[in-house]
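> The structure under discussion is supplied below as structure tokens; questions concerning it will follow.
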Amino acid sequence: MLNTAFDEIIEPEYRGINFYPEELKEQIDDINSWIYDTVNNGVYKSGFATAQSAYEQNCRALFESLERIEGILASNEFLLGSRLTEADLRLFTTIVRFDPVYHGHFKCNIKQIATDYPNILRWTREIYQLPGIKETVNMEHIKKHYYMSHTQINPTQVVPLNNGPDLDNPVVKPTARPY
């Protein structure tokens with residue numbers, strides 16, 4: 001669906017982009033499996049834990065996966081090499097929220113993307129700076145949603161000021177279109 005469902009409403013140059021190419025499907029499915037369980041869902045399993053042991057288990061698994069991702073991105077531009085795939089887009093939505101929301105609100109606070117994961121930060125900036133991506137990220141809305149809707153976690157509904165790392169900080173752009 002992601003590849004063609006929006007072709008009628010997007011600029012012609014972006015129509016038909018394939019984020020789930022046949023030759024990478026197995027690798028995408030594999031990386032999506034553990035990233036979803038320990039990162040995308042891991043922040044929620046940590047944040048909504050009602051027992052210390054569950055929180056610690058899920059938070060540790062989350063940071064073990066972030067270390068694994070940091071290692072992958074130390075030698076790759078994107079998760080599966082030089083091509084942006086569905087795996088990158090699925091992870092991006094969690095990472096872009098990590099420091100301003102999940103670090104404090106969900107107590108995923110062993111490390112931060114901005115200060116402890118330079119390769120993940122570079123990757124996040126690179127995706128954020130691709131055409132059309134920045135416009136989909138409204139950090140004020142994101143923060144208000146999380147901090148004001150989870151009153152069992154944040155009964156005062158106070159929203160922190162920090163928006164996370166500066167994602168507009170320039171990165172070396174890929175020499176070719178990454179998709």
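Letters A, B, ... mark the chains of the structure tokens in the order given; residue numbers begin at 1 per chain; ligand numbers begin at 1, in order shown.
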If we count only C-alpha atoms, what is near His141 in chain A at a cut-off of 12 Å, once residues fewer than 6 positions away on the same chain are taken out, given as a list of chain:residue names?

A:Arg97, A:Pro100, A:Val101, A:Tyr147, A:Met148, A:Ser149, A:Val159, A:Asn163

> So which residues touch range 50-66 of chain A within 12 Å, counting only C-alpha atoms, skipping near sequence neighbours fewer than 2 positions away, as a PyMOL selection string?

chain A and resi 31-48+68-73+91+94-95+98+102-103+106-113+116-121+152-153

> Write the residues of the selection above to a file with C-alpha atoms, as a compact mmCIF listing (two decimals), in the first residue's frame.


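Resulting contents of again_24.txt:
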```txt
# COMPACT_ATOMS: atom_id res chain seq x y z
CA ILE A 31 14.64 -6.32 10.72
CA ASN A 32 11.04 -5.09 11.11
CA SER A 33 10.30 -8.06 13.35
CA TRP A 34 12.83 -7.33 16.07
CA ILE A 35 12.66 -3.54 15.70
CA TYR A 36 8.89 -3.57 16.12
CA ASP A 37 9.01 -5.82 19.17
CA THR A 38 11.84 -4.10 21.03
CA VAL A 39 11.83 -0.51 19.76
CA ASN A 40 8.52 0.58 18.19
CA ASN A 41 6.50 -1.39 20.74
CA GLY A 42 9.32 -1.49 23.29
CA VAL A 43 8.84 2.15 24.22
CA TYR A 44 5.18 1.42 24.99
CA LYS A 45 5.96 -1.78 26.88
CA SER A 46 8.38 0.23 29.00
CA GLY A 47 6.18 3.29 29.41
CA PHE A 48 3.01 1.48 30.33
CA ARG A 68 22.35 -2.93 17.55
CA ILE A 69 20.84 -0.25 15.27
CA GLU A 70 23.71 2.12 16.08
CA GLY A 71 26.12 -0.59 14.95
CA ILE A 72 24.21 -1.20 11.72
CA LEU A 73 24.16 2.50 10.92
CA LEU A 91 11.76 3.04 12.76
CA THR A 94 9.73 6.10 16.87
CA ILE A 95 13.20 7.64 16.79
CA PHE A 98 12.42 9.35 21.26
CA TYR A 102 9.83 8.46 25.18
CA HIS A 103 12.98 9.38 27.11
CA PHE A 106 7.90 6.61 29.07
CA LYS A 107 11.04 6.49 31.25
CA CYS A 108 13.19 5.15 28.40
CA ASN A 109 16.05 7.12 29.85
CA ILE A 110 19.21 5.04 29.85
CA LYS A 111 20.58 7.08 26.93
CA GLN A 112 19.43 9.75 24.47
CA ILE A 113 19.59 9.80 20.68
CA ASP A 116 24.64 8.86 22.78
CA TYR A 117 23.83 7.54 19.31
CA PRO A 118 25.63 9.58 16.63
CA ASN A 119 24.81 7.19 13.80
CA ILE A 120 21.13 7.02 14.67
CA LEU A 121 21.08 10.81 14.94
CA GLN A 152 -2.20 7.84 34.30
CA ILE A 153 1.48 8.58 33.52
```

> Find the spatial neighbours of range 75-86 of chain A, counting only C-alpha atoms, within a cut-off of 8 Å - ignore same-chain residues fewer than 6 positions away - and output them as a compact mmCIF listing (two decimals) with N, CA and C atoms, in the first residue's frame.


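Listing of part_4.txt after writing:
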```txt
# COMPACT_ATOMS: atom_id res chain seq x y z
N ASN A 18 9.27 2.40 -4.50
CA ASN A 18 9.06 1.10 -3.87
C ASN A 18 9.92 0.99 -2.61
N PHE A 19 9.28 1.09 -1.47
CA PHE A 19 9.99 0.98 -0.19
C PHE A 19 10.06 -0.46 0.31
N TYR A 20 9.48 -1.37 -0.46
CA TYR A 20 9.46 -2.79 -0.09
C TYR A 20 9.81 -3.63 -1.33
N GLN A 27 14.85 -9.40 4.14
CA GLN A 27 15.65 -8.61 5.08
C GLN A 27 14.78 -7.57 5.79
N ILE A 28 13.88 -6.94 5.04
CA ILE A 28 12.99 -5.95 5.64
C ILE A 28 12.10 -6.61 6.70
N ILE A 69 21.12 -1.17 16.38
CA ILE A 69 20.84 -0.25 15.27
C ILE A 69 22.00 0.71 15.07
N TRP A 123 21.29 9.39 10.79
CA TRP A 123 20.25 8.72 10.00
C TRP A 123 18.90 9.45 10.15
N PRO A 178 17.84 8.11 -2.57
CA PRO A 178 17.98 6.87 -1.79
C PRO A 178 16.78 5.91 -1.89
N TYR A 179 15.87 6.18 -2.81
CA TYR A 179 14.70 5.30 -2.94
C TYR A 179 14.39 5.06 -4.39
```

> Quote the spacing between CA of Ile133 in chain A and CA of Ala5 in chain A in Å to one decimal place.

17.1 Å
